[in-house]
>>> print(open('input.cif').read())   # mmCIF, C-alpha atoms
data_upload
loop_
_atom_site.group_PDB
_atom_site.id
_atom_site.type_symbol
_atom_site.label_atom_id
_atom_site.label_comp_id
_atom_site.auth_asym_id
_atom_site.auth_seq_id
_atom_site.Cartn_x
_atom_site.Cartn_y
_atom_site.Cartn_z
ATOM 1 C CA MET B 109 6.038 -0.986 39.404
ATOM 2 C CA SER B 110 6.486 1.943 37.036
ATOM 3 C CA THR B 111 5.385 1.928 33.431
ATOM 4 C CA VAL B 112 7.234 3.582 30.586
ATOM 5 C CA ARG B 113 5.128 5.857 28.446
ATOM 6 C CA ALA B 114 6.070 7.104 25.026
ATOM 7 C CA ALA B 115 6.427 10.807 24.430
ATOM 8 C CA PRO B 116 3.361 12.545 22.922
ATOM 9 C CA GLY B 117 5.145 13.060 19.608
ATOM 10 C CA VAL B 118 6.069 9.368 19.465
ATOM 11 C CA GLN B 119 2.501 8.339 20.260
ATOM 12 C CA ILE B 120 1.198 10.384 17.348
ATOM 13 C CA TRP B 121 3.472 8.681 14.820
ATOM 14 C CA LEU B 122 3.667 5.205 16.363
ATOM 15 C CA ALA B 123 0.181 3.980 15.442
ATOM 16 C CA PRO B 124 0.298 4.903 11.719
ATOM 17 C CA VAL B 125 3.855 3.563 11.385
ATOM 18 C CA VAL B 126 2.921 0.228 12.952
ATOM 19 C CA PHE B 127 -0.221 0.055 10.824
ATOM 20 C CA GLY B 128 1.762 0.793 7.671
ATOM 21 C CA VAL B 129 4.350 -1.896 8.482
ATOM 22 C CA VAL B 130 1.605 -4.451 9.099
ATOM 23 C CA VAL B 131 -0.157 -3.585 5.833
ATOM 24 C CA LEU B 132 3.093 -3.851 3.852
ATOM 25 C CA ALA B 133 3.910 -7.180 5.475
ATOM 26 C CA LEU B 134 0.469 -8.613 4.696
ATOM 27 C CA TRP B 135 0.700 -7.178 1.168
ATOM 28 C CA GLN B 136 4.078 -8.861 0.575
ATOM 29 C CA ILE B 137 2.988 -12.182 2.077
ATOM 30 C CA GLY B 138 -0.293 -12.175 0.166
ATOM 31 C CA THR B 139 1.175 -11.401 -3.257
ATOM 32 C CA THR B 140 3.982 -13.929 -2.787
ATOM 33 C CA ALA B 141 1.936 -16.777 -1.304
ATOM 34 C CA LEU B 142 -0.973 -16.413 -3.717
ATOM 35 C CA GLY B 143 1.202 -15.733 -6.754
ATOM 36 C CA VAL B 144 -0.667 -12.547 -7.642
ATOM 37 C CA PRO B 145 0.461 -11.336 -11.109
ATOM 38 C CA SER B 146 2.113 -7.928 -11.254
ATOM 39 C CA PHE B 147 -0.566 -6.431 -13.500
ATOM 40 C CA LEU B 148 -3.096 -7.010 -10.717
ATOM 41 C CA LEU B 149 -0.936 -5.974 -7.759
ATOM 42 C CA PRO B 150 2.886 -5.879 -7.641
ATOM 43 C CA SER B 151 4.594 -6.828 -4.409
ATOM 44 C CA PRO B 152 6.112 -4.096 -2.210
ATOM 45 C CA THR B 153 9.615 -5.480 -2.795
ATOM 46 C CA SER B 154 9.262 -5.274 -6.581
ATOM 47 C CA ILE B 155 7.956 -1.714 -6.284
ATOM 48 C CA ALA B 156 10.871 -0.818 -4.015
ATOM 49 C CA GLU B 157 13.332 -2.311 -6.503
ATOM 50 C CA GLN B 158 11.878 -0.243 -9.338
ATOM 51 C CA PHE B 159 11.843 2.850 -7.152
ATOM 52 C CA GLY B 160 15.558 2.464 -6.499
ATOM 53 C CA ALA B 161 16.353 1.639 -10.121
ATOM 54 C CA ASN B 162 14.408 4.687 -11.402
ATOM 55 C CA ALA B 163 15.221 7.096 -8.573
ATOM 56 C CA SER B 164 16.656 9.773 -10.856
ATOM 57 C CA GLY B 165 13.702 9.614 -13.238
ATOM 58 C CA ILE B 166 11.218 9.709 -10.368
ATOM 59 C CA ARG B 167 13.039 12.709 -8.890
ATOM 60 C CA ALA B 168 12.945 14.585 -12.207
ATOM 61 C CA ALA B 169 9.275 13.768 -12.782
ATOM 62 C CA ALA B 170 8.392 14.714 -9.208
ATOM 63 C CA THR B 171 10.174 18.048 -9.678
ATOM 64 C CA ALA B 172 8.201 18.793 -12.854
ATOM 65 C CA THR B 173 4.871 17.823 -11.314
ATOM 66 C CA GLY B 174 5.676 19.530 -8.017
ATOM 67 C CA THR B 175 6.568 22.759 -9.803
ATOM 68 C CA ASN B 176 3.257 22.802 -11.675
ATOM 69 C CA ALA B 177 1.367 21.960 -8.500
ATOM 70 C CA LEU B 178 3.172 24.678 -6.515
ATOM 71 C CA ILE B 179 2.599 27.402 -9.106
ATOM 72 C CA GLY B 180 -1.049 26.433 -9.474
ATOM 73 C CA LEU B 181 -1.454 26.242 -5.687
ATOM 74 C CA VAL B 182 -0.013 29.716 -5.154
ATOM 75 C CA ALA B 183 -2.066 31.207 -7.993
ATOM 76 C CA GLY B 184 -5.286 29.556 -6.844
ATOM 77 C CA ALA B 185 -4.678 30.483 -3.210
ATOM 78 C CA VAL B 186 -3.968 34.137 -4.038
ATOM 79 C CA LEU B 187 -7.053 34.378 -6.265
ATOM 80 C CA GLY B 188 -9.222 32.573 -3.716
ATOM 81 C CA PHE B 189 -7.993 34.779 -0.870
ATOM 82 C CA ALA B 190 -8.478 38.002 -2.843
ATOM 83 C CA GLY B 191 -11.876 36.851 -4.066
ATOM 84 C CA ALA B 192 -12.993 36.111 -0.507
ATOM 85 C CA VAL B 193 -11.864 39.537 0.703
ATOM 86 C CA PHE B 194 -13.798 41.299 -2.048
ATOM 87 C CA ALA B 195 -16.826 39.024 -1.604
ATOM 88 C CA VAL B 196 -17.066 39.851 2.097
ATOM 89 C CA ARG B 197 -16.563 43.541 1.363
ATOM 90 C CA TRP B 198 -19.251 43.789 -1.344
ATOM 91 C CA ASN B 199 -22.392 41.671 -1.567
ATOM 92 C CA VAL B 200 -22.559 42.055 -5.338
ATOM 93 C CA VAL B 201 -19.129 40.460 -5.673
ATOM 94 C CA ASP B 202 -20.223 37.672 -3.337
ATOM 95 C CA SER B 203 -23.299 36.997 -5.438
ATOM 96 C CA LEU B 204 -21.084 36.754 -8.527
ATOM 97 C CA LEU B 205 -18.123 34.790 -7.191
ATOM 98 C CA SER B 206 -19.884 32.250 -4.975
ATOM 99 C CA PRO B 207 -21.775 30.566 -7.847
ATOM 100 C CA LEU B 208 -18.644 30.697 -10.032
ATOM 101 C CA ALA B 209 -16.548 29.089 -7.298
ATOM 102 C CA ALA B 210 -19.128 26.353 -6.825
ATOM 103 C CA ALA B 211 -19.254 25.798 -10.581
ATOM 104 C CA ALA B 212 -15.466 25.586 -10.763
ATOM 105 C CA ALA B 213 -15.471 22.974 -7.993
ATOM 106 C CA ALA B 214 -18.071 20.948 -9.886
ATOM 107 C CA VAL B 215 -16.038 20.782 -13.111
ATOM 108 C CA PRO B 216 -14.191 17.428 -13.243
ATOM 109 C CA ILE B 217 -10.478 17.502 -14.014
ATOM 110 C CA VAL B 218 -10.950 14.918 -16.766
ATOM 111 C CA ALA B 219 -13.121 17.415 -18.619
ATOM 112 C CA LEU B 220 -11.098 20.539 -17.867
ATOM 113 C CA ALA B 221 -7.582 19.276 -18.659
ATOM 114 C CA PRO B 222 -8.198 18.219 -22.303
ATOM 115 C CA LEU B 223 -10.042 21.488 -22.973
ATOM 116 C CA LEU B 224 -7.161 23.580 -21.652
ATOM 117 C CA ASN B 225 -4.671 21.480 -23.631
ATOM 118 C CA SER B 226 -6.539 22.272 -26.828
ATOM 119 C CA MET B 227 -6.671 25.968 -25.928
ATOM 120 C CA TYR B 228 -3.059 26.522 -24.886
ATOM 121 C CA GLY B 229 -1.291 23.712 -26.718
ATOM 122 C CA THR B 230 0.538 20.623 -25.518
ATOM 123 C CA SER B 231 4.041 22.083 -25.554
ATOM 124 C CA THR B 232 3.620 24.094 -22.363
ATOM 125 C CA ASP B 233 2.778 23.493 -18.695
ATOM 126 C CA VAL B 234 0.258 26.343 -18.626
ATOM 127 C CA PRO B 235 -2.835 24.088 -18.971
ATOM 128 C CA ARG B 236 -1.757 21.961 -16.024
ATOM 129 C CA ARG B 237 -1.088 24.979 -13.835
ATOM 130 C CA ILE B 238 -4.443 26.514 -14.703
ATOM 131 C CA THR B 239 -6.132 23.207 -13.864
ATOM 132 C CA VAL B 240 -4.466 23.194 -10.456
ATOM 133 C CA ALA B 241 -5.400 26.837 -9.828
ATOM 134 C CA VAL B 242 -9.068 26.127 -10.627
ATOM 135 C CA VAL B 243 -9.098 23.156 -8.265
ATOM 136 C CA VAL B 244 -7.430 25.131 -5.465
ATOM 137 C CA PHE B 245 -9.586 28.250 -5.810
ATOM 138 C CA PHE B 246 -12.790 26.828 -4.318
ATOM 139 C CA PRO B 247 -11.546 25.493 -0.947
ATOM 140 C CA ILE B 248 -9.468 28.623 -0.337
ATOM 141 C CA PHE B 249 -12.300 30.961 -1.297
ATOM 142 C CA VAL B 250 -14.843 29.181 0.895
ATOM 143 C CA SER B 251 -12.524 28.820 3.904
ATOM 144 C CA VAL B 252 -11.250 32.404 3.867
ATOM 145 C CA ALA B 253 -14.716 33.875 3.310
ATOM 146 C CA GLU B 254 -15.990 31.914 6.301
ATOM 147 C CA GLY B 255 -13.094 33.139 8.409
ATOM 148 C CA LEU B 256 -13.582 36.767 7.412
ATOM 149 C CA ARG B 257 -17.224 36.542 8.485
ATOM 150 C CA GLN B 258 -16.403 34.976 11.865
ATOM 151 C CA VAL B 259 -14.959 38.183 13.351
ATOM 152 C CA PRO B 260 -16.817 39.092 16.571
ATOM 153 C CA ALA B 261 -19.160 42.010 16.060
ATOM 154 C CA VAL B 262 -17.663 43.854 19.045
ATOM 155 C CA HIS B 263 -14.317 44.082 17.250
ATOM 156 C CA LEU B 264 -15.895 45.586 14.152
ATOM 157 C CA GLU B 265 -17.932 47.991 16.290
ATOM 158 C CA LEU B 266 -14.749 49.112 18.011
ATOM 159 C CA MET B 267 -13.169 49.811 14.625
ATOM 160 C CA HIS B 268 -16.268 51.823 13.721
ATOM 161 C CA VAL B 269 -16.052 53.810 16.955
ATOM 162 C CA TYR B 270 -12.444 54.700 16.177
ATOM 163 C CA ALA B 271 -13.532 55.733 12.653
ATOM 164 C CA VAL B 272 -11.309 53.119 11.064
ATOM 165 C CA GLY B 273 -11.946 52.606 7.370
ATOM 166 C CA GLU B 274 -13.339 49.335 6.070
ATOM 167 C CA TRP B 275 -10.155 48.303 4.288
ATOM 168 C CA ARG B 276 -8.007 49.019 7.332
ATOM 169 C CA ALA B 277 -10.424 47.051 9.522
ATOM 170 C CA THR B 278 -10.195 44.174 7.070
ATOM 171 C CA ARG B 279 -6.412 44.285 7.166
ATOM 172 C CA THR B 280 -6.047 44.586 10.936
ATOM 173 C CA VAL B 281 -9.034 42.583 12.224
ATOM 174 C CA ARG B 282 -10.649 40.357 9.600
ATOM 175 C CA ILE B 283 -7.568 38.938 7.880
ATOM 176 C CA PRO B 284 -5.718 37.938 11.096
ATOM 177 C CA ALA B 285 -8.900 36.251 12.323
ATOM 178 C CA ALA B 286 -9.224 34.390 9.012
ATOM 179 C CA LEU B 287 -5.695 32.896 9.031
ATOM 180 C CA PRO B 288 -6.726 29.641 10.774
ATOM 181 C CA PHE B 289 -9.442 29.196 8.153
ATOM 182 C CA LEU B 290 -6.910 29.884 5.402
ATOM 183 C CA PHE B 291 -4.675 27.077 6.629
ATOM 184 C CA THR B 292 -7.673 24.782 6.911
ATOM 185 C CA GLY B 293 -8.324 25.396 3.230
ATOM 186 C CA LEU B 294 -4.652 24.940 2.395
ATOM 187 C CA ARG B 295 -4.549 21.564 4.151
ATOM 188 C CA VAL B 296 -7.231 20.425 1.719
ATOM 189 C CA ALA B 297 -5.926 22.288 -1.312
ATOM 190 C CA ALA B 298 -2.231 21.355 -1.096
ATOM 191 C CA PRO B 299 -2.598 17.583 -1.648
ATOM 192 C CA GLY B 300 -5.433 18.323 -4.073
ATOM 193 C CA ALA B 301 -3.056 20.483 -6.106
ATOM 194 C CA VAL B 302 -0.687 17.531 -6.553
ATOM 195 C CA ILE B 303 -3.555 15.242 -7.541
ATOM 196 C CA ALA B 304 -4.835 17.782 -10.064
ATOM 197 C CA ALA B 305 -1.377 18.242 -11.584
ATOM 198 C CA ILE B 306 -0.914 14.475 -11.963
ATOM 199 C CA VAL B 307 -4.365 13.854 -13.434
ATOM 200 C CA ALA B 308 -3.900 16.743 -15.884
ATOM 201 C CA GLU B 309 -0.788 14.980 -17.184
ATOM 202 C CA TYR B 310 -2.856 11.954 -18.220
ATOM 203 C CA PHE B 311 -4.318 13.868 -21.153
ATOM 204 C CA GLY B 312 -1.254 14.595 -23.240
ATOM 205 C CA GLY B 313 1.190 17.439 -23.213
ATOM 206 C CA LEU B 314 4.792 17.370 -22.053
ATOM 207 C CA GLN B 315 5.939 13.902 -21.022
ATOM 208 C CA ASN B 316 7.977 15.067 -18.051
ATOM 209 C CA GLY B 317 5.707 14.595 -15.052
ATOM 210 C CA LEU B 318 4.622 11.787 -12.773
ATOM 211 C CA GLY B 319 1.247 11.344 -14.452
ATOM 212 C CA SER B 320 2.716 10.867 -17.913
ATOM 213 C CA ARG B 321 5.362 8.465 -16.557
ATOM 214 C CA ILE B 322 2.693 6.406 -14.797
ATOM 215 C CA THR B 323 0.608 6.061 -17.954
ATOM 216 C CA SER B 324 3.695 5.302 -20.051
ATOM 217 C CA ALA B 325 4.871 2.556 -17.675
ATOM 218 C CA ALA B 326 1.400 1.031 -17.469
ATOM 219 C CA ALA B 327 1.039 1.093 -21.258
ATOM 220 C CA ASN B 328 4.305 -0.874 -21.521
ATOM 221 C CA THR B 329 3.045 -3.384 -18.883
ATOM 222 C CA ALA B 330 5.814 -2.253 -16.513
ATOM 223 C CA TYR B 331 3.438 -2.226 -13.567
ATOM 224 C CA PRO B 332 5.991 -2.262 -10.730
ATOM 225 C CA ARG B 333 7.636 0.780 -12.334
ATOM 226 C CA ALA B 334 4.249 2.489 -12.630
ATOM 227 C CA TRP B 335 3.648 1.863 -8.930
ATOM 228 C CA ALA B 336 7.092 3.258 -8.169
ATOM 229 C CA TYR B 337 6.045 6.524 -9.815
ATOM 230 C CA VAL B 338 2.800 6.384 -7.828
ATOM 231 C CA LEU B 339 4.946 6.139 -4.704
ATOM 232 C CA GLY B 340 6.800 9.244 -5.868
ATOM 233 C CA ALA B 341 3.469 11.026 -6.310
ATOM 234 C CA MET B 342 2.473 10.085 -2.770
ATOM 235 C CA ALA B 343 5.758 11.529 -1.496
ATOM 236 C CA VAL B 344 5.127 14.841 -3.283
ATOM 237 C CA GLY B 345 1.586 15.101 -1.911
ATOM 238 C CA LEU B 346 2.806 14.330 1.605
ATOM 239 C CA LEU B 347 5.564 16.923 1.270
ATOM 240 C CA PHE B 348 3.042 19.604 0.289
ATOM 241 C CA PHE B 349 0.847 18.703 3.257
ATOM 242 C CA LEU B 350 3.753 18.775 5.721
ATOM 243 C CA VAL B 351 4.928 22.167 4.446
ATOM 244 C CA VAL B 352 1.447 23.589 5.023
ATOM 245 C CA LEU B 353 1.439 22.169 8.565
ATOM 246 C CA ALA B 354 4.845 23.710 9.231
ATOM 247 C CA LEU B 355 3.707 27.110 7.967
ATOM 248 C CA GLU B 356 0.555 26.876 10.069
ATOM 249 C CA ARG B 357 2.544 26.157 13.219
ATOM 250 C CA LEU B 358 4.920 29.016 12.451
ATOM 251 C CA ALA B 359 2.020 31.421 11.961
ATOM 252 C CA SER B 360 0.308 30.259 15.168
ATOM 253 C CA ARG B 361 3.505 30.791 17.168
ATOM 254 C CA ARG B 362 3.830 34.331 15.857
ATOM 255 C CA ARG B 363 0.206 35.101 16.729
ATOM 256 C CA SER B 364 0.660 33.755 20.260
ATOM 257 C CA ARG B 365 3.599 36.090 20.990
#
>>> encode(input="input.cif", output="C-alpha cells")
Amino acid sequence: MSTVRAAPGVQIWLAPVVFGVVVLALWQIGTTALGVPSFLLPSPTSIAEQFGANASGIRAAATATGTNALIGLVAGAVLGFAGAVFAVRWNVVDSLLSPLAAAAAAVPIVALAPLLNSMYGTSTDVPRRITVAVVVFFPIFVSVAEGLRQVPAVHLELMHVYAVGEWRATRTVRIPAALPFLFTGLRVAAPGAVIAAIVAEYFGGLQNGLGSRITSAAANTAYPRAWAYVLGAMAVGLLFFLVVLALERLASRRRSR
C-alpha cells in the first residue's frame, strides 16, 4: 500500500499554516464563549472586519511606514557594510567603530526617537529614518565584519603572492565570502527596521504611519481597529523578511554558477 507524501515545499508551509488556523480558531472560540471584552482581546472576526473596512487607510499607513523603514534599512545597511570593511582593513577604525556600534545597539528606541524628534522637528520623517538606520547598523556591521574575517588564510596568501593590493583582495575575495553573513544580518535587520519605524511613530511627528494610527485607535477605544493596523504592521514586516530571503536565494544562485 503506497503512501502519499507532500512535496518538500508544502511540508515547510503546512505546519505553520495548520498551527495558525488552530490558534485563530481557539482565539475566536475563547473570546466568543467567555465574552472577553474588546479592550482586553478582540476576536479575529472583529479584527478582520475592521481590516476590511479600513483597508485603504491601512494601505496608506503601511506605505508611509514601509518607506521610512526601507530608507532607514538601506542607509543603515550601507553604513554598516562600509564600516565593517574599514574596520577589518584598519585596526584603529575597528577599535573606534566596534564600541560605537555596541553603544548604538544598547540605546533603546523609546529614548532615541523623542530626542531625534526634538532635534529635527515633528514635521518630517527624518527622525524616524535615522532611528531605523541606527537600529540596523549594528547587526549589519557585526555580521559583515565576521564574514570578512572568515576568509581562509590560503586565499589571502595567494593574493599576496600575486601582489594583489589590499583593496582589490577585499573586493574580489573578502566581500564575496562575506555575502552569506550580510544576508544573515539582513534577515535580522529587515523586520527590526519595520519595528523601529513603528515604535518611532509612537512619539509624535507626522500622523501618517502605522504606529500613529495604532495609538490613535487605541486612544479612541477602537481596539479592533488598532489590532487591524497591527495586522498591517505584521504584513509589512513579513514582506521585508521575504524580500531579503528572495534576494539571498538570487545571490546564492549567481554564486553557484
>>> atom_distance(input="input.cif", atom1="atom CA of Arg167 of chain B", atom2="atom CA of Glu356 of chain B")
26.8 Å
>>> resolve_selection(input="input.cif", expression="the PyMOL selection byres ((chain B and resi 355) around 12)", output="PDB file with C-alpha atoms, keeping the file's coordinate frame")
ATOM      1  CA  LEU B 287      -5.695  32.896   9.031  1.00  0.00           C
ATOM      2  CA  PRO B 288      -6.726  29.641  10.774  1.00  0.00           C
ATOM      3  CA  LEU B 290      -6.910  29.884   5.402  1.00  0.00           C
ATOM      4  CA  PHE B 291      -4.675  27.077   6.629  1.00  0.00           C
ATOM      5  CA  THR B 292      -7.673  24.782   6.911  1.00  0.00           C
ATOM      6  CA  LEU B 294      -4.652  24.940   2.395  1.00  0.00           C
ATOM      7  CA  ARG B 295      -4.549  21.564   4.151  1.00  0.00           C
ATOM      8  CA  PHE B 348       3.042  19.604   0.289  1.00  0.00           C
ATOM      9  CA  PHE B 349       0.847  18.703   3.257  1.00  0.00           C
ATOM     10  CA  LEU B 350       3.753  18.775   5.721  1.00  0.00           C
ATOM     11  CA  VAL B 351       4.928  22.167   4.446  1.00  0.00           C
ATOM     12  CA  VAL B 352       1.447  23.589   5.023  1.00  0.00           C
ATOM     13  CA  LEU B 353       1.439  22.169   8.565  1.00  0.00           C
ATOM     14  CA  ALA B 354       4.845  23.710   9.231  1.00  0.00           C
ATOM     15  CA  GLU B 356       0.555  26.876  10.069  1.00  0.00           C
ATOM     16  CA  ARG B 357       2.544  26.157  13.219  1.00  0.00           C
ATOM     17  CA  LEU B 358       4.920  29.016  12.451  1.00  0.00           C
ATOM     18  CA  ALA B 359       2.020  31.421  11.961  1.00  0.00           C
ATOM     19  CA  SER B 360       0.308  30.259  15.168  1.00  0.00           C
ATOM     20  CA  ARG B 361       3.505  30.791  17.168  1.00  0.00           C
ATOM     21  CA  ARG B 362       3.830  34.331  15.857  1.00  0.00           C
TER      22      ARG B 362
END
>>> closest_residue(input="input.cif", among="B:Val344, B:Ala330, B:Ala221, B:Val243", to="Tyr310 of chain B", atoms="all atoms listed in the file")
B:Ala221
>>> resolve_selection(input="input.cif", expression="the PyMOL selection byres ((chain B and resi 168) around 12)", output="MDAnalysis selection string")
chainID B and resid 162:167 169:175 315:318 321 337 340:341 344
>>> write_last_selection(input="input.cif", atoms="C-alpha atoms", output="PDB file, in the frame of the given file")
ATOM      1  CA  ASN B 162      14.408   4.687 -11.402  1.00  0.00           C
ATOM      2  CA  ALA B 163      15.221   7.096  -8.573  1.00  0.00           C
ATOM      3  CA  SER B 164      16.656   9.773 -10.856  1.00  0.00           C
ATOM      4  CA  GLY B 165      13.702   9.614 -13.238  1.00  0.00           C
ATOM      5  CA  ILE B 166      11.218   9.709 -10.368  1.00  0.00           C
ATOM      6  CA  ARG B 167      13.039  12.709  -8.890  1.00  0.00           C
ATOM      7  CA  ALA B 169       9.275  13.768 -12.782  1.00  0.00           C
ATOM      8  CA  ALA B 170       8.392  14.714  -9.208  1.00  0.00           C
ATOM      9  CA  THR B 171      10.174  18.048  -9.678  1.00  0.00           C
ATOM     10  CA  ALA B 172       8.201  18.793 -12.854  1.00  0.00           C
ATOM     11  CA  THR B 173       4.871  17.823 -11.314  1.00  0.00           C
ATOM     12  CA  GLY B 174       5.676  19.530  -8.017  1.00  0.00           C
ATOM     13  CA  THR B 175       6.568  22.759  -9.803  1.00  0.00           C
ATOM     14  CA  GLN B 315       5.939  13.902 -21.022  1.00  0.00           C
ATOM     15  CA  ASN B 316       7.977  15.067 -18.051  1.00  0.00           C
ATOM     16  CA  GLY B 317       5.707  14.595 -15.052  1.00  0.00           C
ATOM     17  CA  LEU B 318       4.622  11.787 -12.773  1.00  0.00           C
ATOM     18  CA  ARG B 321       5.362   8.465 -16.557  1.00  0.00           C
ATOM     19  CA  TYR B 337       6.045   6.524  -9.815  1.00  0.00           C
ATOM     20  CA  GLY B 340       6.800   9.244  -5.868  1.00  0.00           C
ATOM     21  CA  ALA B 341       3.469  11.026  -6.310  1.00  0.00           C
ATOM     22  CA  VAL B 344       5.127  14.841  -3.283  1.00  0.00           C
TER      23      VAL B 344
END
>>> residues_around(input="input.cif", residues="Ala212 of chain B", least_positions_apart="6", cutoff="12 Å", atoms="all atoms listed in the file", output="ChimeraX atom specification")
/B:184,188,205-206,219-220,238-247,249
>>> write_last_selection(input="input.cif", atoms="C-alpha atoms", output="JSON list (two decimals), keeping the file's coordinate frame")
[["chain", "number", "residue", "atom", "x", "y", "z"],
["B", 184, "GLY", "CA", -5.29, 29.56, -6.84],
["B", 188, "GLY", "CA", -9.22, 32.57, -3.72],
["B", 205, "LEU", "CA", -18.12, 34.79, -7.19],
["B", 206, "SER", "CA", -19.88, 32.25, -4.97],
["B", 219, "ALA", "CA", -13.12, 17.42, -18.62],
["B", 220, "LEU", "CA", -11.10, 20.54, -17.87],
["B", 238, "ILE", "CA", -4.44, 26.51, -14.70],
["B", 239, "THR", "CA", -6.13, 23.21, -13.86],
["B", 240, "VAL", "CA", -4.47, 23.19, -10.46],
["B", 241, "ALA", "CA", -5.40, 26.84, -9.83],
["B", 242, "VAL", "CA", -9.07, 26.13, -10.63],
["B", 243, "VAL", "CA", -9.10, 23.16, -8.26],
["B", 244, "VAL", "CA", -7.43, 25.13, -5.46],
["B", 245, "PHE", "CA", -9.59, 28.25, -5.81],
["B", 246, "PHE", "CA", -12.79, 26.83, -4.32],
["B", 247, "PRO", "CA", -11.55, 25.49, -0.95],
["B", 249, "PHE", "CA", -12.30, 30.96, -1.30]]
>>> closest_residue(input="input.cif", among="B:Val193, B:Asn176, B:Ala301, B:Asn225", to="Val252 of chain B", atoms="only C-alpha atoms")
B:Val193
>>> axis_aligned_box(input="input.cif", around="segment 341-355 of chain B", padding_each_side="8 Å", output="JSON")
{"center_x": 3.3, "center_y": 18.6, "center_z": 1.5, "size_x": 20.9, "size_y": 33.0, "size_z": 31.5}
>>> residues_around(input="input.cif", residues="Leu223 of chain B", least_positions_apart="5", cutoff="12 Å", atoms="all atoms listed in the file", output="short mmCIF file (atom, residue, chain, number, x, y, z; two decimals) with C-alpha atoms, in the frame of the given file")
data_model
loop_
_atom_site.label_atom_id
_atom_site.label_comp_id
_atom_site.auth_asym_id
_atom_site.auth_seq_id
_atom_site.Cartn_x
_atom_site.Cartn_y
_atom_site.Cartn_z
CA VAL B 215 -16.04 20.78 -13.11
CA PRO B 216 -14.19 17.43 -13.24
CA ILE B 217 -10.48 17.50 -14.01
CA VAL B 218 -10.95 14.92 -16.77
CA TYR B 228 -3.06 26.52 -24.89
CA GLY B 229 -1.29 23.71 -26.72
CA THR B 230 0.54 20.62 -25.52
CA PRO B 235 -2.84 24.09 -18.97
CA ARG B 236 -1.76 21.96 -16.02
CA ILE B 238 -4.44 26.51 -14.70
CA THR B 239 -6.13 23.21 -13.86
CA ALA B 308 -3.90 16.74 -15.88
CA PHE B 311 -4.32 13.87 -21.15
CA GLY B 312 -1.25 14.60 -23.24
CA GLY B 313 1.19 17.44 -23.21
#
>>> atom_distance(input="input.cif", atom1="atom CA of Ser231 of chain B", atom2="atom CA of Ala177 of chain B")
17.3 Å
>>> atom_distance(input="input.cif", atom1="atom CA of Ala286 of chain B", atom2="atom CA of Arg237 of chain B")
26.0 Å
>>> closest_residue(input="input.cif", among="B:Ile248, B:Ile303, B:Ala211, B:Ala325", to="Ala190 of chain B", atoms="only C-alpha atoms")
B:Ile248
>>> resolve_selection(input="input.cif", expression="the PyMOL selection byres ((chain B and resi 152) around 9)", output="list of chain:residue names")
B:Leu132, B:Ala133, B:Trp135, B:Gln136, B:Thr139, B:Pro150, B:Ser151, B:Thr153, B:Ser154, B:Ile155, B:Ala156, B:Glu157, B:Pro332
>>> residues_around(input="input.cif", residues="Phe289 of chain B", least_positions_apart="5", cutoff="8 Å", atoms="only C-alpha atoms", output="list in words")
Ser251, Val252, Glu254 and Gly255 of chain B
>>> closest_residue(input="input.cif", among="B:Leu346, B:Ala336, B:Ala305, B:Ala185", to="Phe159 of chain B", atoms="all atoms listed in the file")
B:Ala336
>>> closest_residue(input="input.cif", among="B:Pro207, B:Leu178, B:Ala253, B:Tyr331", to="Leu347 of chain B", atoms="only C-alpha atoms")
B:Leu178
